[in-house]
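Below: run21.cif (mmCIF, C-alpha atoms and all ligand atoms)
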data_start
#
loop_
_atom_site.label_atom_id
_atom_site.label_comp_id
_atom_site.auth_asym_id
_atom_site.auth_seq_id
_atom_site.Cartn_x
_atom_site.Cartn_y
_atom_site.Cartn_z
CA LYS R 39 -55.14 3.96 31.96
CA ARG R 40 -52.57 4.96 29.33
CA ARG R 41 -49.03 3.80 30.16
CA ILE R 42 -46.09 6.01 29.21
CA GLY R 43 -42.49 4.75 29.30
CA VAL R 44 -39.46 6.95 29.89
CA MET R 45 -35.82 6.07 29.31
CA THR R 46 -32.39 7.65 29.14
CA SER R 47 -30.04 6.42 26.43
CA GLY R 48 -26.60 7.11 24.95
CA GLY R 49 -24.08 9.24 26.86
CA ASP R 50 -25.23 10.54 30.25
CA ALA R 51 -25.85 14.24 30.68
CA PRO R 52 -26.68 16.31 33.78
CA GLY R 53 -30.41 17.07 33.74
CA MET R 54 -31.53 13.66 32.47
CA ASN R 55 -32.94 12.85 35.91
CA GLY R 56 -34.95 16.05 35.89
CA ALA R 57 -36.43 14.95 32.57
CA VAL R 58 -37.38 11.52 33.99
CA ARG R 59 -38.96 13.16 37.03
CA ALA R 60 -40.97 15.54 34.87
CA VAL R 61 -42.22 12.78 32.55
CA VAL R 62 -43.21 10.55 35.48
CA ARG R 63 -45.03 13.27 37.39
CA MET R 64 -46.70 14.86 34.36
CA SER R 65 -47.90 11.41 33.27
CA ILE R 66 -49.42 10.76 36.68
CA ALA R 67 -50.90 14.28 36.83
CA SER R 68 -52.49 13.64 33.43
CA GLY R 69 -54.20 10.45 34.59
CA CYS R 70 -51.66 8.04 33.04
CA GLU R 71 -49.30 5.50 34.53
CA ALA R 72 -45.54 6.05 34.20
CA TYR R 73 -42.94 3.33 33.62
CA ALA R 74 -39.17 3.74 33.78
CA ILE R 75 -37.13 1.64 31.38
CA TYR R 76 -33.80 0.94 33.09
CA GLU R 77 -30.40 0.88 31.32
CA GLY R 78 -31.58 2.39 28.03
CA TYR R 79 -32.62 0.04 25.24
CA ASP R 80 -31.16 -2.90 27.20
CA GLY R 81 -34.16 -2.54 29.51
CA LEU R 82 -36.59 -2.61 26.63
CA VAL R 83 -34.97 -5.67 25.04
CA ASN R 84 -34.65 -7.62 28.32
CA GLY R 85 -37.97 -6.55 29.88
CA GLY R 86 -38.96 -8.05 33.25
CA ASP R 87 -38.08 -5.84 36.18
CA MET R 88 -36.01 -3.56 33.96
CA ILE R 89 -39.37 -1.94 33.11
CA ARG R 90 -40.87 -0.66 36.35
CA GLU R 91 -43.87 1.43 37.25
CA MET R 92 -42.87 4.70 38.89
CA GLY R 93 -44.93 6.46 41.53
CA TRP R 94 -44.80 10.17 42.32
CA GLU R 95 -42.40 9.63 45.23
CA ASP R 96 -40.07 7.31 43.26
CA VAL R 97 -38.56 10.33 41.51
CA ARG R 98 -38.24 12.45 44.64
CA GLY R 99 -34.83 14.15 44.73
CA PHE R 100 -34.11 13.42 41.04
CA LEU R 101 -33.97 17.08 40.04
CA SER R 102 -30.63 17.85 41.63
CA GLU R 103 -28.89 14.55 40.82
CA GLY R 104 -26.32 14.37 38.01
CA GLY R 105 -25.95 11.50 35.53
CA THR R 106 -28.96 9.24 35.13
CA LEU R 107 -30.42 7.29 38.04
CA ILE R 108 -32.33 4.87 35.77
CA GLY R 109 -29.10 4.03 33.94
CA THR R 110 -28.07 4.22 30.32
CA ALA R 111 -26.34 1.87 27.92
CA ARG R 112 -25.17 1.39 24.39
CA CYS R 113 -27.35 -1.55 23.35
CA MET R 114 -26.17 -3.51 20.33
CA ALA R 115 -29.22 -5.83 20.37
CA PHE R 116 -31.60 -2.92 19.66
CA MET R 117 -29.64 -2.04 16.52
CA GLU R 118 -30.93 -5.30 14.96
CA ARG R 119 -34.53 -6.23 14.19
CA PRO R 120 -34.65 -9.33 16.47
CA GLY R 121 -33.75 -7.07 19.41
CA ARG R 122 -36.49 -4.64 18.48
CA LEU R 123 -38.94 -7.54 18.17
CA LYS R 124 -38.19 -8.52 21.77
CA ALA R 125 -38.55 -4.89 22.81
CA ALA R 126 -41.99 -4.68 21.16
CA LYS R 127 -43.12 -7.85 22.92
CA ASN R 128 -41.96 -6.52 26.29
CA MET R 129 -43.81 -3.27 25.73
CA ILE R 130 -47.06 -5.03 24.86
CA ILE R 131 -46.72 -7.30 27.91
CA LYS R 132 -46.35 -4.19 30.08
CA GLY R 133 -49.11 -2.36 28.18
CA ILE R 134 -46.88 0.54 27.12
CA ASP R 135 -47.47 2.19 23.75
CA ALA R 136 -45.73 5.54 24.25
CA LEU R 137 -42.05 6.18 24.90
CA VAL R 138 -40.25 9.35 25.88
CA ILE R 139 -36.54 8.98 25.19
CA CYS R 140 -33.91 11.34 26.53
CA GLY R 141 -30.68 10.82 24.58
CA GLY R 142 -28.55 11.81 21.65
CA ASP R 143 -29.15 11.51 17.93
CA GLY R 144 -28.43 7.74 17.84
CA SER R 145 -31.03 7.02 20.53
CA LEU R 146 -33.64 9.17 18.83
CA THR R 147 -32.98 7.66 15.40
CA GLY R 148 -33.37 4.17 16.87
CA ALA R 149 -36.64 5.20 18.51
CA ASP R 150 -38.14 6.48 15.29
CA LYS R 151 -37.08 3.36 13.43
CA PHE R 152 -38.84 1.32 16.15
CA ARG R 153 -42.02 3.34 15.63
CA ALA R 154 -41.88 2.87 11.84
CA GLU R 155 -41.46 -0.89 12.24
CA TRP R 156 -44.06 -1.24 15.02
CA PRO R 157 -47.03 -2.60 12.97
CA GLY R 158 -44.72 -5.13 11.26
CA LEU R 159 -43.22 -6.19 14.58
CA LEU R 160 -46.67 -6.77 16.10
CA LYS R 161 -47.75 -8.77 13.04
CA GLU R 162 -44.67 -10.96 13.35
CA LEU R 163 -45.26 -11.50 17.08
CA VAL R 164 -48.78 -12.78 16.35
CA GLU R 165 -47.67 -14.91 13.37
CA THR R 166 -44.97 -16.59 15.43
CA GLY R 167 -47.38 -17.23 18.29
CA GLU R 168 -45.49 -15.02 20.77
CA LEU R 169 -48.58 -12.88 21.31
CA THR R 170 -52.27 -13.16 20.42
CA GLN R 171 -54.33 -10.82 18.27
CA GLU R 172 -56.29 -9.83 21.41
CA GLN R 173 -53.07 -8.89 23.19
CA ILE R 174 -51.83 -6.56 20.45
CA GLN R 175 -55.26 -5.11 19.57
CA PRO R 176 -55.18 -2.06 21.91
CA TYR R 177 -51.63 -1.05 20.91
CA GLN R 178 -51.77 -0.46 17.16
CA THR R 179 -49.57 2.64 17.11
CA LEU R 180 -46.46 3.52 19.04
CA ASN R 181 -45.88 7.11 20.11
CA ILE R 182 -42.31 8.31 20.37
CA VAL R 183 -41.20 11.67 21.76
CA GLY R 184 -37.56 12.72 21.94
CA LEU R 185 -35.79 14.89 24.51
CA VAL R 186 -32.24 15.82 23.63
CA GLY R 187 -29.92 14.95 26.49
CA SER R 188 -26.30 15.60 25.55
CA ILE R 189 -23.48 17.76 26.84
CA ASP R 190 -22.38 18.49 23.25
CA ASN R 191 -25.26 20.81 22.22
CA ASP R 192 -24.98 19.26 18.79
CA LEU R 193 -28.61 19.20 17.68
CA SER R 194 -29.28 21.93 15.12
CA MET R 195 -32.95 22.51 15.90
CA THR R 196 -32.61 23.44 19.56
CA ASP R 197 -30.74 26.30 21.20
CA ALA R 198 -29.62 24.11 24.09
CA THR R 199 -29.56 20.38 24.78
CA ILE R 200 -30.23 19.13 28.30
CA GLY R 201 -26.80 19.01 29.97
CA CYS R 202 -24.76 21.40 27.89
CA TYR R 203 -24.92 24.33 30.33
CA SER R 204 -23.94 22.09 33.25
CA SER R 205 -20.97 20.89 31.26
CA LEU R 206 -20.05 24.45 30.34
CA ALA R 207 -20.22 25.45 34.02
CA ARG R 208 -17.92 22.53 34.94
CA ILE R 209 -15.43 23.52 32.26
CA CYS R 210 -15.44 27.12 33.50
CA GLU R 211 -14.77 26.00 37.09
CA ALA R 212 -11.88 23.81 35.90
CA VAL R 213 -10.35 26.55 33.75
CA ASP R 214 -10.69 29.03 36.65
CA SER R 215 -8.69 26.60 38.79
CA VAL R 216 -6.03 26.19 36.11
CA ASP R 217 -5.93 29.99 35.77
CA THR R 218 -4.71 30.54 39.30
CA THR R 219 -1.71 28.24 38.94
CA ALA R 220 -1.02 29.47 35.39
CA SER R 221 -0.91 33.06 36.62
CA SER R 222 1.28 32.26 39.61
CA HIS R 223 3.95 30.59 37.46
CA GLN R 224 3.32 32.61 34.29
CA ARG R 225 2.54 29.35 32.51
CA ALA R 226 0.57 28.47 29.41
CA PHE R 227 -2.09 25.75 29.49
CA VAL R 228 -3.58 23.90 26.57
CA ILE R 229 -7.01 22.64 27.61
CA GLU R 230 -8.85 19.98 25.67
CA VAL R 231 -12.64 20.01 26.02
CA MET R 232 -15.31 17.51 24.95
CA GLY R 233 -18.00 18.00 22.30
CA ARG R 234 -17.12 15.33 19.73
CA HIS R 235 -17.56 16.82 16.24
CA CYS R 236 -19.27 19.92 17.61
CA GLY R 237 -17.32 22.96 18.81
CA TRP R 238 -20.10 24.53 20.86
CA LEU R 239 -18.65 23.64 24.29
CA ALA R 240 -15.18 24.79 23.28
CA LEU R 241 -16.43 28.05 21.80
CA MET R 242 -18.59 28.90 24.81
CA ALA R 243 -15.78 27.88 27.15
CA GLY R 244 -13.46 30.24 25.28
CA VAL R 245 -15.95 33.09 25.56
CA SER R 246 -16.75 32.37 29.21
CA THR R 247 -13.14 32.05 30.39
CA GLY R 248 -11.56 34.71 28.19
CA ALA R 249 -9.18 32.22 26.59
CA ASP R 250 -6.39 33.51 24.36
CA PHE R 251 -7.11 31.14 21.49
CA VAL R 252 -9.77 28.50 20.66
CA PHE R 253 -9.64 25.70 18.07
CA LEU R 254 -13.02 24.48 16.79
CA PRO R 255 -13.93 21.70 14.37
CA GLU R 256 -16.28 24.03 12.46
CA SER R 257 -13.77 26.80 11.95
CA PRO R 258 -10.43 25.90 10.46
CA PRO R 259 -7.70 28.44 11.18
CA SER R 260 -5.73 30.09 8.41
CA GLU R 261 -2.78 28.23 6.91
CA ASN R 262 -0.55 30.49 8.91
CA TRP R 263 -2.21 29.63 12.23
CA GLU R 264 0.92 28.48 14.03
CA ALA R 265 2.69 31.83 13.62
CA GLU R 266 -0.54 33.75 14.25
CA MET R 267 -1.25 31.95 17.51
CA CYS R 268 2.29 32.46 18.80
CA ALA R 269 2.25 36.15 17.80
CA LEU R 270 -1.09 36.72 19.54
CA VAL R 271 -0.01 34.96 22.71
CA LYS R 272 3.23 36.96 22.80
CA GLU R 273 1.29 40.18 22.27
CA HIS R 274 -0.98 39.35 25.22
CA ARG R 275 2.11 38.67 27.35
CA SER R 276 3.73 41.94 26.26
CA LYS R 277 0.66 43.72 27.63
CA GLY R 278 1.24 42.25 31.07
CA LYS R 279 -0.85 39.08 30.95
CA ARG R 280 0.74 36.44 33.22
CA LYS R 281 -1.06 33.39 31.85
CA THR R 282 -2.05 31.86 28.54
CA ILE R 283 -5.06 29.62 27.98
CA VAL R 284 -5.60 27.85 24.66
CA ILE R 285 -8.73 25.71 24.29
CA VAL R 286 -8.76 22.82 21.85
CA ALA R 287 -12.08 21.11 21.05
CA GLU R 288 -11.70 17.33 20.99
CA GLY R 289 -12.95 17.36 17.37
CA ALA R 290 -10.43 20.00 16.31
CA HIS R 291 -8.00 17.53 14.83
CA ASP R 292 -10.65 16.79 12.19
CA GLN R 293 -9.89 20.22 10.79
CA GLY R 294 -8.22 20.70 7.44
CA LEU R 295 -4.70 20.93 8.81
CA ASN R 296 -5.04 17.73 10.82
CA LYS R 297 -2.32 18.83 13.23
CA ILE R 298 -4.39 20.54 15.87
CA THR R 299 -3.80 18.20 18.75
CA PRO R 300 -3.11 19.49 22.27
CA GLN R 301 0.41 18.05 22.05
CA HIS R 302 1.21 19.93 18.85
CA VAL R 303 -0.19 23.19 20.25
CA LYS R 304 1.84 22.66 23.43
CA ASN R 305 5.03 22.10 21.43
CA LEU R 306 4.44 25.34 19.54
CA LEU R 307 3.84 27.35 22.70
CA SER R 308 6.96 25.86 24.31
CA ASP R 309 9.33 25.99 21.34
CA LYS R 310 8.14 29.04 19.39
CA ALA R 311 6.56 31.25 22.07
CA HIS R 312 9.05 30.05 24.77
CA LEU R 313 6.37 29.51 27.40
CA ASP R 314 6.38 26.90 30.14
CA THR R 315 3.38 24.98 28.84
CA ARG R 316 1.23 22.15 30.22
CA ILE R 317 -1.68 20.18 28.82
CA THR R 318 -4.87 19.63 30.81
CA THR R 319 -7.44 17.22 29.45
CA LEU R 320 -10.63 17.76 31.38
CA GLY R 321 -12.15 14.40 30.41
CA HIS R 322 -15.20 12.99 32.13
CA VAL R 323 -15.24 15.66 34.84
CA GLN R 324 -17.10 17.67 32.19
CA ARG R 325 -20.06 15.28 32.18
CA GLY R 326 -20.35 14.84 35.94
CA GLY R 327 -21.75 16.61 38.96
CA THR R 328 -25.06 18.24 39.67
CA PRO R 329 -27.05 19.93 36.90
CA VAL R 330 -27.05 23.72 36.86
CA ALA R 331 -30.34 25.56 37.37
CA TYR R 332 -30.90 26.04 33.63
CA ASP R 333 -30.69 22.30 32.93
CA ARG R 334 -33.11 21.54 35.77
CA MET R 335 -35.57 24.03 34.34
CA LEU R 336 -35.11 22.90 30.74
CA ALA R 337 -35.51 19.23 31.70
CA THR R 338 -38.68 19.96 33.67
CA LEU R 339 -40.32 22.14 31.02
CA GLN R 340 -39.37 19.77 28.20
CA GLY R 341 -40.37 16.64 30.15
CA THR R 342 -43.86 18.03 30.78
CA GLU R 343 -44.15 19.09 27.13
CA ALA R 344 -43.14 15.57 26.05
CA VAL R 345 -46.10 14.07 27.93
CA LYS R 346 -48.44 16.63 26.35
CA ALA R 347 -47.04 15.66 22.95
CA VAL R 348 -47.77 11.98 23.67
CA LEU R 349 -51.35 12.73 24.66
CA GLU R 350 -51.98 14.96 21.64
CA ALA R 351 -50.38 12.64 19.06
CA THR R 352 -52.44 11.21 16.21
CA PRO R 353 -51.33 8.27 14.04
CA ASP R 354 -50.32 10.80 11.34
CA THR R 355 -48.22 13.07 13.57
CA PRO R 356 -44.50 12.58 12.89
CA SER R 357 -42.52 11.78 16.05
CA PRO R 358 -41.59 15.07 17.68
CA VAL R 359 -38.46 16.12 19.52
CA ILE R 360 -38.89 18.76 22.19
CA CYS R 361 -36.65 21.78 21.58
CA VAL R 362 -36.03 25.23 23.04
CA ILE R 363 -35.86 28.04 20.52
CA GLU R 364 -35.51 31.65 21.63
CA ASN R 365 -36.60 30.66 25.13
CA LYS R 366 -39.79 28.92 24.00
CA ILE R 367 -40.38 25.19 24.40
CA VAL R 368 -41.41 23.90 20.97
CA ARG R 369 -41.91 20.60 19.10
CA ARG R 370 -39.99 19.83 15.95
CA PRO R 371 -40.07 16.76 13.68
CA LEU R 372 -37.61 14.32 15.23
CA LEU R 373 -36.27 12.83 12.01
CA GLU R 374 -35.60 16.23 10.45
CA ALA R 375 -33.78 17.44 13.55
CA VAL R 376 -31.62 14.34 13.70
CA ALA R 377 -30.85 14.49 9.96
CA GLN R 378 -29.61 18.07 10.29
CA THR R 379 -27.31 17.12 13.12
CA LYS R 380 -25.88 14.36 11.00
CA GLU R 381 -25.41 16.65 8.03
CA VAL R 382 -23.38 19.03 10.14
CA ALA R 383 -21.28 16.14 11.44
CA ASN R 384 -20.79 14.69 7.96
CA ALA R 385 -19.92 18.06 6.52
CA ILE R 386 -17.26 18.48 9.15
CA HIS R 387 -15.93 15.02 8.48
CA ALA R 388 -15.79 15.78 4.78
CA LYS R 389 -14.00 19.02 5.66
CA ASP R 390 -16.74 20.89 3.85
CA PHE R 391 -16.67 23.68 6.38
CA ALA R 392 -18.58 26.24 4.35
CA ARG R 393 -21.56 23.91 4.24
CA ALA R 394 -21.35 23.18 7.91
CA MET R 395 -21.30 26.84 8.82
CA SER R 396 -24.19 27.72 6.50
CA LEU R 397 -26.24 24.92 8.05
CA ARG R 398 -25.56 26.28 11.49
CA ASP R 399 -26.45 29.80 10.30
CA ALA R 400 -29.74 28.51 8.96
CA GLU R 401 -30.74 26.98 12.30
P1 LIG R 501 -24.51 10.35 22.48
O1 LIG R 501 -24.76 11.59 21.68
O2 LIG R 501 -24.26 10.60 23.89
O3 LIG R 501 -23.55 9.37 21.85
P2 LIG R 501 -26.55 8.75 21.32
O4 LIG R 501 -27.99 8.55 21.65
O5 LIG R 501 -26.26 9.34 19.97
O6 LIG R 501 -25.92 9.59 22.48
P3 LIG R 501 -25.66 6.13 20.52
O7 LIG R 501 -24.62 5.25 21.12
O8 LIG R 501 -25.51 6.54 19.10
O9 LIG R 501 -25.78 7.36 21.48
O10 LIG R 501 -27.09 5.39 20.65
C1 LIG R 501 -27.52 4.83 21.88
C2 LIG R 501 -28.27 3.55 21.61
O11 LIG R 501 -29.40 3.81 20.77
C3 LIG R 501 -27.48 2.50 20.85
O12 LIG R 501 -26.64 1.76 21.69
C4 LIG R 501 -28.59 1.65 20.26
O13 LIG R 501 -29.14 0.77 21.22
C5 LIG R 501 -29.64 2.70 19.91
N1 LIG R 501 -29.48 3.12 18.50
C6 LIG R 501 -28.63 4.05 18.00
N2 LIG R 501 -28.74 4.16 16.66
C7 LIG R 501 -29.68 3.25 16.29
C8 LIG R 501 -30.27 2.85 15.04
N3 LIG R 501 -29.90 3.42 13.88
N4 LIG R 501 -31.19 1.87 15.05
C9 LIG R 501 -31.59 1.29 16.20
N5 LIG R 501 -31.08 1.63 17.40
C10 LIG R 501 -30.15 2.58 17.47
#
If you took the structure in this file and wrote it as structure tokens, what would it be?
Ligand code: ATP
Amino acid sequence: KRRIGVMTSGGDAPGMNGAVRAVVRMSIASGCEAYAIYEGYDGLVNGGDMIREMGWEDVRGFLSEGGTLIGTARCMAFMERPGRLKAAKNMIIKGIDALVICGGDGSLTGADKFRAEWPGLLKELVETGELTQEQIQPYQTLNIVGLVGSIDNDLSMTDATIGCYSSLARICEAVDSVDTTASSHQRAFVIEVMGRHCGWLALMAGVSTGADFVFLPESPPSENWEAEMCALVKEHRSKGKRKTIVIVAEGAHDQGLNKITPQHVKNLLSDKAHLDTRITTLGHVQRGGTPVAYDRMLATLQGTEAVKAVLEATPDTPSPVICVIENKIVRRPLLEAVAQTKEVANAIHAKDFARAMSLRDAE
């Protein structure tokens, strides 16, 4: 029987458990055995009982659980070849030659590197006497399939990453709560949201909460932004609005003007717009809690597709990542998808905003 491994890696995201459940059950339904690799690449490098067979009932209840029940980690050992050599040995010992990884771009890049090195790793394991030729014989190729689990929605080739809509829902609930107190006291709130170099969460949060102003890493404001923001906020107040909400993406300070921190925006609203202003940093609340219905559905559909991709792979097929584009579950070349994400991030770092925006437009 074919053995398929599933792991979650990098930052946790709501919906990852749904993906694990789908991979386990689709594997079993397809006549394969499913193995969970615990604690991300740590589990692969350490082996033993960190790689466990999963039965149908072992993933019961996973769909509605937030975070990741099989754990995740940032594993330094896997970044180096000796760590990947250990990982390869542990996989052969367990008889696993296919891995479905739910994580961010780092996790998926590492997985593809592992696949590219696989024949060399096996050769080395035989040469050093760690394994015999007979042991490695049935496992000549490694299949890798990526699922994008991230609250940031920062992968260019998919409309939504697993977890981003849950995070957006959490942000909306939090801003709604802030709204009631802001309105009561006629206060202004500056709210910092996660997303690293990507402004998707902040932009959608702004749209979904009707914020007065949003700062995004991808969209630098005009040089005159300080006066413009204060004028706009005052105009809204003059029309009877009793509260002010300004959303700042955590990556916003990477923008050209380098000043867009929540503290600076707060000072402006207090000193120039004369508003009683507070800062709320939502922090890890944004990653937590139960996944929303969309993430449960996405994780399930993509997890089942990932198993199909494993079973249909040939040695020449590039590793795929499972995406959703215009409501269809599709496969895209993993390395290309990850490279595009990086280009957007680099472009933002280099303050080459025009390039970043045109890349996003071309998605
Ligand atoms: P997030 O978007 O939440 O940060 P991520 O998957 O990008 O998720 P990383 O910390 O970049 O998170 O990667 C997770 C793990 O994947 C690393 O700790 C490491 O074990 C492995 N990994 C990342 N990049 C590589 C690489 N280039 N080569 C080998 N392994 C890697």
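One distance worth recording is that between CA of Cys361 (chain R) and CA of Met92 (chain R), which is 25.1 Å.
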Near ligand LIG 501 (chain R), 9 Å: chain R residue rows, closest pairs, all atoms listed in the file, as a tab-separated table:
residue	atom	partner	partner_atom	distance
R:Thr46	CA	R:LIG501	O4	8.7
R:Ser47	CA	R:LIG501	C1	5.4
R:Gly48	CA	R:LIG501	O6	3.6
R:Gly49	CA	R:LIG501	O2	3.3
R:Asp50	CA	R:LIG501	O2	6.4
R:Ala51	CA	R:LIG501	O2	7.9
R:Gly78	CA	R:LIG501	C2	7.3
R:Tyr79	CA	R:LIG501	O13	5.4
R:Asp80	CA	R:LIG501	O13	7.3
R:Thr110	CA	R:LIG501	C1	8.5
R:Ala111	CA	R:LIG501	O12	6.2
R:Arg112	CA	R:LIG501	O12	3.1
R:Cys113	CA	R:LIG501	O13	3.6
R:Met114	CA	R:LIG501	O13	5.3
R:Ala115	CA	R:LIG501	O13	6.7
R:Phe116	CA	R:LIG501	O13	4.7
R:Met117	CA	R:LIG501	C9	3.9
R:Glu118	CA	R:LIG501	C9	6.7
R:Arg119	CA	R:LIG501	C9	8.3
R:Arg122	CA	R:LIG501	C9	8.0
R:Cys140	CA	R:LIG501	O4	8.2
R:Gly141	CA	R:LIG501	O4	4.6
R:Gly142	CA	R:LIG501	O4	3.3
R:Asp143	CA	R:LIG501	O5	4.2
R:Gly144	CA	R:LIG501	O8	3.4
R:Ser145	CA	R:LIG501	O4	3.6
R:Leu146	CA	R:LIG501	O4	6.3
R:Thr147	CA	R:LIG501	N3	5.5
R:Gly148	CA	R:LIG501	C9	3.5
R:Ala149	CA	R:LIG501	N5	6.7
R:Asp150	CA	R:LIG501	N4	8.3
R:Lys151	CA	R:LIG501	N4	6.3
R:Phe152	CA	R:LIG501	C9	7.3
R:Val186	CA	R:LIG501	O4	8.7
R:Gly187	CA	R:LIG501	O2	7.6
R:Ser188	CA	R:LIG501	O2	5.6
R:Ile189	CA	R:LIG501	O2	7.8
R:Asp190	CA	R:LIG501	O1	7.5
R:Asp192	CA	R:LIG501	O1	8.2
R:Arg234	CA	R:LIG501	O1	8.7
For this session: Show which residues sit within 10 Å of Arg59 (chain R), as a PyMOL selection string. Count all atoms listed in the file, and ignore same-chain residues fewer than 4 positions away.
Result: chain R and resi 44+53-55+63-65+74+92+94-101+337-338+341-342
Using all atoms listed in the file, tabulate the residues of region 144-244 of chain R lying at most 9 Å from any atom of region 352-358 of chain R, each with its closest atom pair and that distance in Å to one decimal, by chain and increasing residue number, as CSV.
residue,atom,partner,partner_atom,distance
R:Asp150,CA,R:Ser357,CA,6.9
R:Arg153,CA,R:Ser357,CA,8.5
R:Thr179,CA,R:Pro353,CA,6.6
R:Leu180,CA,R:Pro353,CA,8.4
R:Asn181,CA,R:Ser357,CA,7.0
R:Ile182,CA,R:Ser357,CA,5.5
R:Val183,CA,R:Pro358,CA,5.3
R:Gly184,CA,R:Pro358,CA,6.3
R:Leu185,CA,R:Pro358,CA,9.0
Which protein, DNA or RNA residues have an atom at most 10 Å from (-7.6, 33.2, 26.3), counting all atoms listed in the file? List them as a CSV table (one decimal) with C-alpha atoms, keeping the file's coordinate frame.
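Output below, filename result-v7.csv:
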chain,number,residue,atom,x,y,z
R,226,ALA,CA,0.6,28.5,29.4
R,227,PHE,CA,-2.1,25.8,29.5
R,243,ALA,CA,-15.8,27.9,27.2
R,244,GLY,CA,-13.5,30.2,25.3
R,245,VAL,CA,-16.0,33.1,25.6
R,246,SER,CA,-16.8,32.4,29.2
R,247,THR,CA,-13.1,32.0,30.4
R,248,GLY,CA,-11.6,34.7,28.2
R,249,ALA,CA,-9.2,32.2,26.6
R,250,ASP,CA,-6.4,33.5,24.4
R,251,PHE,CA,-7.1,31.1,21.5
R,252,VAL,CA,-9.8,28.5,20.7
R,271,VAL,CA,0.0,35.0,22.7
R,274,HIS,CA,-1.0,39.4,25.2
R,281,LYS,CA,-1.1,33.4,31.8
R,282,THR,CA,-2.0,31.9,28.5
R,283,ILE,CA,-5.1,29.6,28.0
R,284,VAL,CA,-5.6,27.8,24.7
R,285,ILE,CA,-8.7,25.7,24.3
Problem set entry | Within 10 Å of Glu288 (chain R) using all atoms listed in the file, minus same-chain residues under 5 positions, as a ChimeraX atom specification | /R:229-237,239-240,253-255,298-300,319,321
For this session: Find the residues around region 375-377 of chain R up to 7 Å (all atoms listed in the file counted), leave out those fewer than 5 positions away in its own chain, and share them as a ChimeraX atom specification.
Result: /R:143,193-195
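Our summary of the geometry notes that CA of Leu241 (chain R) is positioned 19.7 Å from CA of Pro52 (chain R).
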Contacts of Thr219 (chain R) within 12 Å, all atoms listed in the file, excl. fewer than 3 positions in-chain, as a PDB file with C-alpha atoms, in the frame of the given file:
ATOM      1  CA  ALA R 212     -11.880  23.810  35.900  1.00  0.00           C
ATOM      2  CA  VAL R 213     -10.350  26.550  33.750  1.00  0.00           C
ATOM      3  CA  ASP R 214     -10.690  29.030  36.650  1.00  0.00           C
ATOM      4  CA  SER R 215      -8.690  26.600  38.790  1.00  0.00           C
ATOM      5  CA  VAL R 216      -6.030  26.190  36.110  1.00  0.00           C
ATOM      6  CA  SER R 222       1.280  32.260  39.610  1.00  0.00           C
ATOM      7  CA  HIS R 223       3.950  30.590  37.460  1.00  0.00           C
ATOM      8  CA  GLN R 224       3.320  32.610  34.290  1.00  0.00           C
ATOM      9  CA  ARG R 225       2.540  29.350  32.510  1.00  0.00           C
ATOM     10  CA  ALA R 226       0.570  28.470  29.410  1.00  0.00           C
ATOM     11  CA  PHE R 227      -2.090  25.750  29.490  1.00  0.00           C
ATOM     12  CA  ARG R 280       0.740  36.440  33.220  1.00  0.00           C
ATOM     13  CA  LYS R 281      -1.060  33.390  31.850  1.00  0.00           C
ATOM     14  CA  THR R 282      -2.050  31.860  28.540  1.00  0.00           C
ATOM     15  CA  ILE R 283      -5.060  29.620  27.980  1.00  0.00           C
ATOM     16  CA  THR R 315       3.380  24.980  28.840  1.00  0.00           C
ATOM     17  CA  ARG R 316       1.230  22.150  30.220  1.00  0.00           C
TER      18      ARG R 316
END
Padded axis-aligned box of region 133-142 of chain R (3 Å per side), centre and edge lengths, Å, one decimal, as lines of an AutoDock Vina configuration file:
center_x = -38.8
center_y = 4.7
center_z = 24.9
size_x = 26.6
size_y = 20.2
size_z = 12.5
For this session: Find the spatial neighbours of Lys346 (chain R), counting only C-alpha atoms, within a cut-off of 12 Å - ignore same-chain residues fewer than 6 positions away - and output them as JSON, numbers by chain.
Result: {"R": [42, 60, 61, 64, 65, 66, 67, 68, 69, 70, 136, 138, 181, 182, 183, 339, 340, 358, 360, 367, 368, 369]}
For this session: Within 6 Å of (-20.9, 14.3, 34.8) (coordinates as in the file), grab all the protein and nucleic acid residues, counting only C-alpha atoms, and write them out as a PyMOL selection string.
Result: chain R and resi 105+323-327
Can you patch up region 48-54 of chain R, filling it in to N, CA and C atoms, and show the result as a CSV table (one decimal), in the frame of the given file?
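Saved file result12.csv follows:
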chain,number,residue,atom,x,y,z
R,48,GLY,N,-27.8,6.5,25.5
R,48,GLY,CA,-26.6,7.1,25.0
R,48,GLY,C,-25.8,7.7,26.1
R,49,GLY,N,-24.9,8.7,25.8
R,49,GLY,CA,-24.1,9.2,26.9
R,49,GLY,C,-24.9,9.9,27.9
R,50,ASP,N,-24.5,9.9,29.2
R,50,ASP,CA,-25.2,10.5,30.2
R,50,ASP,C,-25.0,12.0,30.2
R,51,ALA,N,-26.0,12.8,30.7
R,51,ALA,CA,-25.8,14.2,30.7
R,51,ALA,C,-26.6,14.8,31.9
R,52,PRO,N,-26.0,15.8,32.6
R,52,PRO,CA,-26.7,16.3,33.8
R,52,PRO,C,-28.0,16.9,33.4
R,53,GLY,N,-29.1,16.6,34.1
R,53,GLY,CA,-30.4,17.1,33.7
R,53,GLY,C,-31.3,15.9,33.3
R,54,MET,N,-30.7,14.8,32.9
R,54,MET,CA,-31.5,13.7,32.5
R,54,MET,C,-32.5,13.2,33.6
